[in-house]
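Colleague: Once you've had a glance at the structure underneath, I'll fire off some questions.
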Amino acid sequence: MTIGMITDFGENDYFVGTLKGVIRKINPQADIIDICHGVPSYFIQGGSYVLEKTYRFFPAGTVFLVVVDPGVGTQRKLLLATAAGFSFVAPDNGILTPIFTLGRDVVVREIDRDRFFLISGSSTFEARDRMAPVAAHLSLGTAAADIGSDTSEYVVNPEYHPQLLPPDRIEGRIIWVDKFGNIITNVPGKWLFEKLGGGGFKHFSLRLNDREISEYRQNYASAGGQPFLLVGSHGSLEIAMNRRHAFRELKAALYQKFTIVLS
Amino acid sequence: MTIGMITDFGENDYFVGTLKGVIRKINPQADIIDICHGVPSYFIQGGSYVLEKTYRFFPAGTVFLVVVDPGVGTQRKLLLATAAGFSFVAPDNGILTPIFTLGRDVVVREIDRDRFFLISGSSTFEARDRMAPVAAHLSLGTAAADIGSDTSEYVVNPEYHPQLLPPDRIEGRIIWVDKFGNIITNVPGKWLFEKLGGGGFKHFSLRLNDREISEYRQNYASAGGQPFLLVGSHGSLEIAMNRRHAFRELKAALYQKFTIVLS
Amino acid sequence: MTIGMITDFGENDYFVGTLKGVIRKINPQADIIDICHGVPSYFIQGGSYVLEKTYRFFPAGTVFLVVVDPGVGTQRKLLLATAAGFSFVAPDNGILTPIFTLGRDVVVREIDRDRFFLISGSSTFEARDRMAPVAAHLSLGTAAADIGSDTSEYVVNPEYHPQLLPPDRIEGRIIWVDKFGNIITNVPGKWLFEKLGGGGFKHFSLRLNDREISEYRQNYASAGGQPFLLVGSHGSLEIAMNRRHAFRELKAALYQKFTIVLS
């Protein structure tokens, strides 16, 4: 069984390596995959974004360990969500927001039984002591019901999705910057085009800092040196520049708001 | 079967993680190995270099997924090369240059059948939608002939190898900088010593920016504080400084030309 | 069998990928785990620290390949240590210091047989040519006695542990900085509290540069904006700031000394 990991631990420390040891010791056959450890420190929404954009590419039954956890060691809960044939283990801080709305089969549990925990009193590394062991046991076939109890009280991030500001504006946020400097937003391309057509609009432009960007492209290579919009491979609206680092050149900031004007 | 990946995707984003999901879904038993995701963005020659220096250390049958692809989404072809018992999946932009000359058994195919593609219309992430699925199917034993048709039209990078400038000069390029700051060139050590001896020369020195470097060493630790030349573990001429970052100290640039003077 | 790797090779080059190819070719079933490749270049003590803090989380029998090796290619030995049911392959430069004192069952061998070496004359990449093949053969079940001979002559780092300066001071060192900027010291929390109680002291404060830090916390999130001390998840004393990069803000340096004053 595959265990996919998304964290803000980076690749430079020994945190991720320790999680792998913990998992391997419990399930010698687990297929451990690093999905992304480059979530900016404490940036819960970035973790949500990566999860939303990757989970569907994994085999049915995959267990996702999703840890961006500024509240580690405090009283916040740990969650185990099951949805669409997958399992998700994460702190209760809104990081599973895109999963909560996946469909009718979503079940959210609070991890309230400690028999799988490595050490019962951990206060600074619950990924190692609590979440990784739970993920490993799930990958061995332990039932979710043996790990936690159903709950309807959990944190949802209301800002995760873009806001429609009638009659002709959408407010979005910058949710990721990739290695090439492409600015990825929380605006789903499909959603944008529906609003556009449904509202009787034909064009849109995006205002970020002092720039207005309205050129739209199908791929990176066909563009000139100016910033342009495209719907990236994961379905979200991006602001890009061909072979240039759009994020730096446009002096953008992570989680910054911008406005889309429909016309 | 092993699938080794070389890309310029970095480790910070979720691109590589997505490729792993795609591969895992098609072949649950694939042995996926990250060879290098640190190729500088768009630097095709760096991808060629890493491939050339690593493929032979992998088991027979390994499938290499080699993606540095500034032309993603345009009309450039996708290639499947087979050589020396290995398979190589890559965009047609010259990145497979060192493989094309591996020997008589090299076969290059254009990937012109789309039945293994994940999504037929991808324009910004063909690694995920086309190349990774093809690699996964190859690792399951699908024949190369079922994936593409033989072609003799593909891009070769003529600048990949150093140039001999008679009577006594060689023009090389900086092809890689490692974490320790060692400057790695495209000049094979063996080739250099053959030219040297074959031309009746006894010495050589290297001119980079304003420096002339002629000290030659067998290892890093035996050198003093000055820059020196050595033939590194992968057989190429390097410019190094013991425990210092030669690339920064010598104000070198990636893909910069330099001259070797024989005497 | 699991092979865990700790190196200062970084993730950006192809060094680690090459090691994986070498291991895979010898043992197609080896479970290769990246524990940490982010040890600062040449920082042997950092490699020791990562090893000490992670090995116990791995399955019995795990082979650790531990390479921070500024003396590569010189006459220094290569070691194979066995202890606590694990094996450790490393250069003889003190990096295995925390392992040498693990208990009565520690056996240290010099790797003095070359039949498992890939290339006998390597001078710049012995991890690839000597240490990785040895680790791979160990993971196949080759006996340690077939690889090297017992030795009692090996390098121990006397500075690895903190120094007690009677009557009321302890001198420690900064041994790691994690992605979040937490400053991790070589002072074991348990050891500190024993000294404190055993010496009849009640309080302690830490002096680093011009700062005196005496606030003590159980977790990160409960603290205000000031630097504080805590015993981290791996048992060592840390200097941290909640959601701030303590290392940068306190202008600390790696391997810097500090003083703990008991009172």
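By convention here, the chains of the structure tokens are called A, B, ... in the order presented, each chain's residues are numbered starting at 1, and ligands are numbered starting at 1 in the order presented.
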For A:Val89, work out the shell of residues within 8 Å, counting only C-alpha atoms and skipping chain neighbours fewer than 3 positions away, then give it as a PyMOL selection string.

Modeller: chain A and resi 63-66+78-81+131+134-135

Colleague: Taking the backbone alone, and naming residues the way the document does, which bits of stretch 44-163 of chain B are alpha helix (DSSP H) by DSSP, as an mmCIF file with N, CA, C and O atoms, in the first residue's frame?

Modeller:
```
data_model
loop_
_atom_site.group_PDB
_atom_site.id
_atom_site.type_symbol
_atom_site.label_atom_id
_atom_site.label_comp_id
_atom_site.auth_asym_id
_atom_site.auth_seq_id
_atom_site.Cartn_x
_atom_site.Cartn_y
_atom_site.Cartn_z
ATOM 1 N N ILE B 44 19.159 22.144 -20.845
ATOM 2 C CA ILE B 44 19.121 20.840 -21.488
ATOM 3 C C ILE B 44 20.469 20.127 -21.403
ATOM 4 O O ILE B 44 20.541 18.927 -21.117
ATOM 5 N N GLN B 45 21.551 20.858 -21.612
ATOM 6 C CA GLN B 45 22.881 20.245 -21.605
ATOM 7 C C GLN B 45 23.231 19.659 -20.235
ATOM 8 O O GLN B 45 23.940 18.658 -20.154
ATOM 9 N N GLY B 46 22.736 20.291 -19.188
ATOM 10 C CA GLY B 46 22.961 19.759 -17.843
ATOM 11 C C GLY B 46 22.240 18.426 -17.660
ATOM 12 O O GLY B 46 22.761 17.507 -17.030
ATOM 13 N N GLY B 47 21.043 18.320 -18.223
ATOM 14 C CA GLY B 47 20.325 17.053 -18.184
ATOM 15 C C GLY B 47 21.090 15.965 -18.929
ATOM 16 O O GLY B 47 21.204 14.829 -18.463
ATOM 17 N N SER B 48 21.635 16.322 -20.090
ATOM 18 C CA SER B 48 22.440 15.363 -20.862
ATOM 19 C C SER B 48 23.629 14.886 -20.035
ATOM 20 O O SER B 48 23.967 13.708 -20.016
ATOM 21 N N TYR B 49 24.262 15.843 -19.371
ATOM 22 C CA TYR B 49 25.452 15.519 -18.581
ATOM 23 C C TYR B 49 25.123 14.504 -17.480
ATOM 24 O O TYR B 49 25.808 13.493 -17.300
ATOM 25 N N VAL B 50 24.074 14.790 -16.718
ATOM 26 C CA VAL B 50 23.708 13.880 -15.624
ATOM 27 C C VAL B 50 23.385 12.492 -16.183
ATOM 28 O O VAL B 50 23.821 11.473 -15.636
ATOM 29 N N LEU B 51 22.657 12.458 -17.262
ATOM 30 C CA LEU B 51 22.318 11.167 -17.864
ATOM 31 C C LEU B 51 23.575 10.414 -18.263
ATOM 32 O O LEU B 51 23.754 9.231 -17.925
ATOM 33 N N GLU B 52 24.458 11.094 -18.966
ATOM 34 C CA GLU B 52 25.691 10.442 -19.437
ATOM 35 C C GLU B 52 26.502 9.856 -18.289
ATOM 36 O O GLU B 52 27.097 8.792 -18.419
ATOM 37 N N LYS B 53 26.524 10.577 -17.175
ATOM 38 C CA LYS B 53 27.406 10.177 -16.083
ATOM 39 C C LYS B 53 26.791 9.166 -15.124
ATOM 40 O O LYS B 53 27.468 8.675 -14.220
ATOM 41 N N THR B 54 25.501 8.890 -15.267
ATOM 42 C CA THR B 54 24.875 7.999 -14.278
ATOM 43 C C THR B 54 24.296 6.712 -14.855
ATOM 44 O O THR B 54 24.212 5.718 -14.152
ATOM 45 N N THR B 97 21.497 13.515 -26.520
ATOM 46 C CA THR B 97 22.719 13.529 -27.340
ATOM 47 C C THR B 97 23.768 12.491 -26.918
ATOM 48 O O THR B 97 24.271 11.742 -27.753
ATOM 49 N N PRO B 98 24.106 12.368 -25.631
ATOM 50 C CA PRO B 98 25.153 11.388 -25.288
ATOM 51 C C PRO B 98 24.724 9.940 -25.508
ATOM 52 O O PRO B 98 25.579 9.058 -25.588
ATOM 53 N N ILE B 99 23.430 9.712 -25.618
ATOM 54 C CA ILE B 99 22.922 8.345 -25.815
ATOM 55 C C ILE B 99 22.960 7.966 -27.292
ATOM 56 O O ILE B 99 23.197 6.805 -27.645
ATOM 57 N N PHE B 100 22.740 8.944 -28.152
ATOM 58 C CA PHE B 100 22.655 8.656 -29.596
ATOM 59 C C PHE B 100 23.932 8.025 -30.135
ATOM 60 O O PHE B 100 23.913 7.358 -31.164
ATOM 61 N N GLU B 126 3.606 17.531 -19.945
ATOM 62 C CA GLU B 126 3.651 16.281 -20.704
ATOM 63 C C GLU B 126 4.434 15.196 -19.986
ATOM 64 O O GLU B 126 4.263 14.018 -20.285
ATOM 65 N N ALA B 132 5.672 9.998 -18.369
ATOM 66 C CA ALA B 132 5.656 9.084 -17.216
ATOM 67 C C ALA B 132 4.808 7.836 -17.510
ATOM 68 O O ALA B 132 5.249 6.724 -17.214
ATOM 69 N N PRO B 133 3.621 7.980 -18.101
ATOM 70 C CA PRO B 133 2.868 6.755 -18.426
ATOM 71 C C PRO B 133 3.623 5.835 -19.385
ATOM 72 O O PRO B 133 3.602 4.616 -19.224
ATOM 73 N N VAL B 134 4.295 6.425 -20.360
ATOM 74 C CA VAL B 134 5.072 5.602 -21.295
ATOM 75 C C VAL B 134 6.187 4.869 -20.542
ATOM 76 O O VAL B 134 6.392 3.666 -20.721
ATOM 77 N N ALA B 135 6.880 5.587 -19.673
ATOM 78 C CA ALA B 135 7.948 4.945 -18.887
ATOM 79 C C ALA B 135 7.384 3.819 -18.035
ATOM 80 O O ALA B 135 7.975 2.741 -17.932
ATOM 81 N N ALA B 136 6.221 4.060 -17.429
ATOM 82 C CA ALA B 136 5.614 3.036 -16.575
ATOM 83 C C ALA B 136 5.255 1.798 -17.393
ATOM 84 O O ALA B 136 5.481 0.664 -16.963
ATOM 85 N N HIS B 137 4.715 2.002 -18.579
ATOM 86 C CA HIS B 137 4.362 0.846 -19.418
ATOM 87 C C HIS B 137 5.618 0.121 -19.896
ATOM 88 O O HIS B 137 5.640 -1.113 -19.967
ATOM 89 N N LEU B 138 6.665 0.857 -20.195
ATOM 90 C CA LEU B 138 7.932 0.196 -20.544
ATOM 91 C C LEU B 138 8.420 -0.670 -19.381
ATOM 92 O O LEU B 138 8.900 -1.786 -19.582
ATOM 93 N N SER B 139 8.256 -0.161 -18.167
ATOM 94 C CA SER B 139 8.734 -0.915 -17.001
ATOM 95 C C SER B 139 7.896 -2.169 -16.767
ATOM 96 O O SER B 139 8.313 -3.085 -16.065
#
```

Colleague: Just checking: using only C-alpha atoms, which residue out of B:Asn27, B:Gln75, B:Gln218, B:Thr124 ends up closest to chain A?

Modeller: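 So, comparing all the options, the nearest one is B:Thr124.
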
Colleague: Dump as a CSV table (one decimal) with C-alpha atoms, in the first residue's frame the residues of chain C that approach chain A to within 7 Å, counting only C-alpha atoms.

Modeller:
```csv
chain,number,residue,atom,x,y,z
C,34,ASP,CA,17.2,8.8,2.2
C,35,ILE,CA,17.5,9.8,5.8
C,36,CYS,CA,19.3,13.1,5.2
C,37,HIS,CA,21.5,14.5,2.5
C,38,GLY,CA,21.4,18.0,3.9
C,50,VAL,CA,21.7,13.0,12.4
C,54,THR,CA,17.6,8.7,13.7
C,57,PHE,CA,13.7,4.6,14.5
C,58,PHE,CA,14.8,2.1,11.8
C,59,PRO,CA,14.1,-1.6,11.6
C,178,ASP,CA,16.4,23.0,11.1
C,179,LYS,CA,14.3,24.4,8.3
C,180,PHE,CA,12.2,26.4,10.8
C,218,GLN,CA,7.1,22.5,26.3
C,219,ASN,CA,6.2,23.3,22.7
C,221,ALA,CA,3.2,27.3,19.8
C,232,GLY,CA,13.1,18.9,21.2
C,233,SER,CA,11.6,15.8,19.8
```

Colleague: Write out as a list in words the set of residues from stretch 170-212 of chain A that DSSP, computed on the backbone, places in strand (DSSP E).

Modeller: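 Assigned to strand (DSSP E), within stretch 170-212 of chain A: Ile170, Glu171, Gly172, Arg173, Ile174, Ile175, Trp176, Val177, Ile183, Ile184, Thr185, Asn186, Val187, Pro188, Phe204, Ser205, Leu206, Arg207, Leu208, Arg211 and Glu212 of chain A.
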
Colleague: Tell me, as a PyMOL selection string, which residues lie within 10 Å of stretch 254-263 of chain B, counting only C-alpha atoms; anything in the same chain fewer than 4 positions away does not count.

Modeller: chain B and resi 40+43+45-46+162-165+167-177+183-187+192+195-196+199-209+212-214+247

Colleague: Figure out the distance between atom CA of B:His234 and atom CA of B:Ile6, please, to one decimal in Å.

Modeller: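 Distance between the two atoms: 16.7 Å.
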
Colleague: Which of these residues is nearest to B:Ala60, using only C-alpha atoms: B:Ile3, B:Glu194, B:Val108, B:Gly181?

Modeller: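 Looking at the shortest contact to B:Ala60, the residue is B:Ile3.
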
Colleague: Taking 4 positions as the minimum chain separation for residues in the same chain, which residues sit within 10 Å of B:Val106 when counting only C-alpha atoms? Answer as a ChimeraX atom specification.

Modeller: /B:81-87,99-102

Colleague: Just the selected residues (C-alpha atoms), exported as a PDB file, in the first residue's frame, please.

Modeller:
```pdb
ATOM      1  CA  ALA B  81      15.561   5.669 -27.424  1.00  0.00           C
ATOM      2  CA  THR B  82      16.874   2.212 -26.637  1.00  0.00           C
ATOM      3  CA  ALA B  83      20.592   1.582 -26.266  1.00  0.00           C
ATOM      4  CA  ALA B  84      22.976  -0.604 -24.301  1.00  0.00           C
ATOM      5  CA  GLY B  85      20.054  -2.487 -22.749  1.00  0.00           C
ATOM      6  CA  PHE B  86      18.390   0.647 -21.393  1.00  0.00           C
ATOM      7  CA  SER B  87      15.393   2.748 -22.461  1.00  0.00           C
ATOM      8  CA  ILE B  99      22.922   8.345 -25.815  1.00  0.00           C
ATOM      9  CA  PHE B 100      22.655   8.656 -29.596  1.00  0.00           C
ATOM     10  CA  THR B 101      26.321   7.769 -29.955  1.00  0.00           C
ATOM     11  CA  LEU B 102      26.395   4.892 -27.506  1.00  0.00           C
TER      12      LEU B 102
END
```
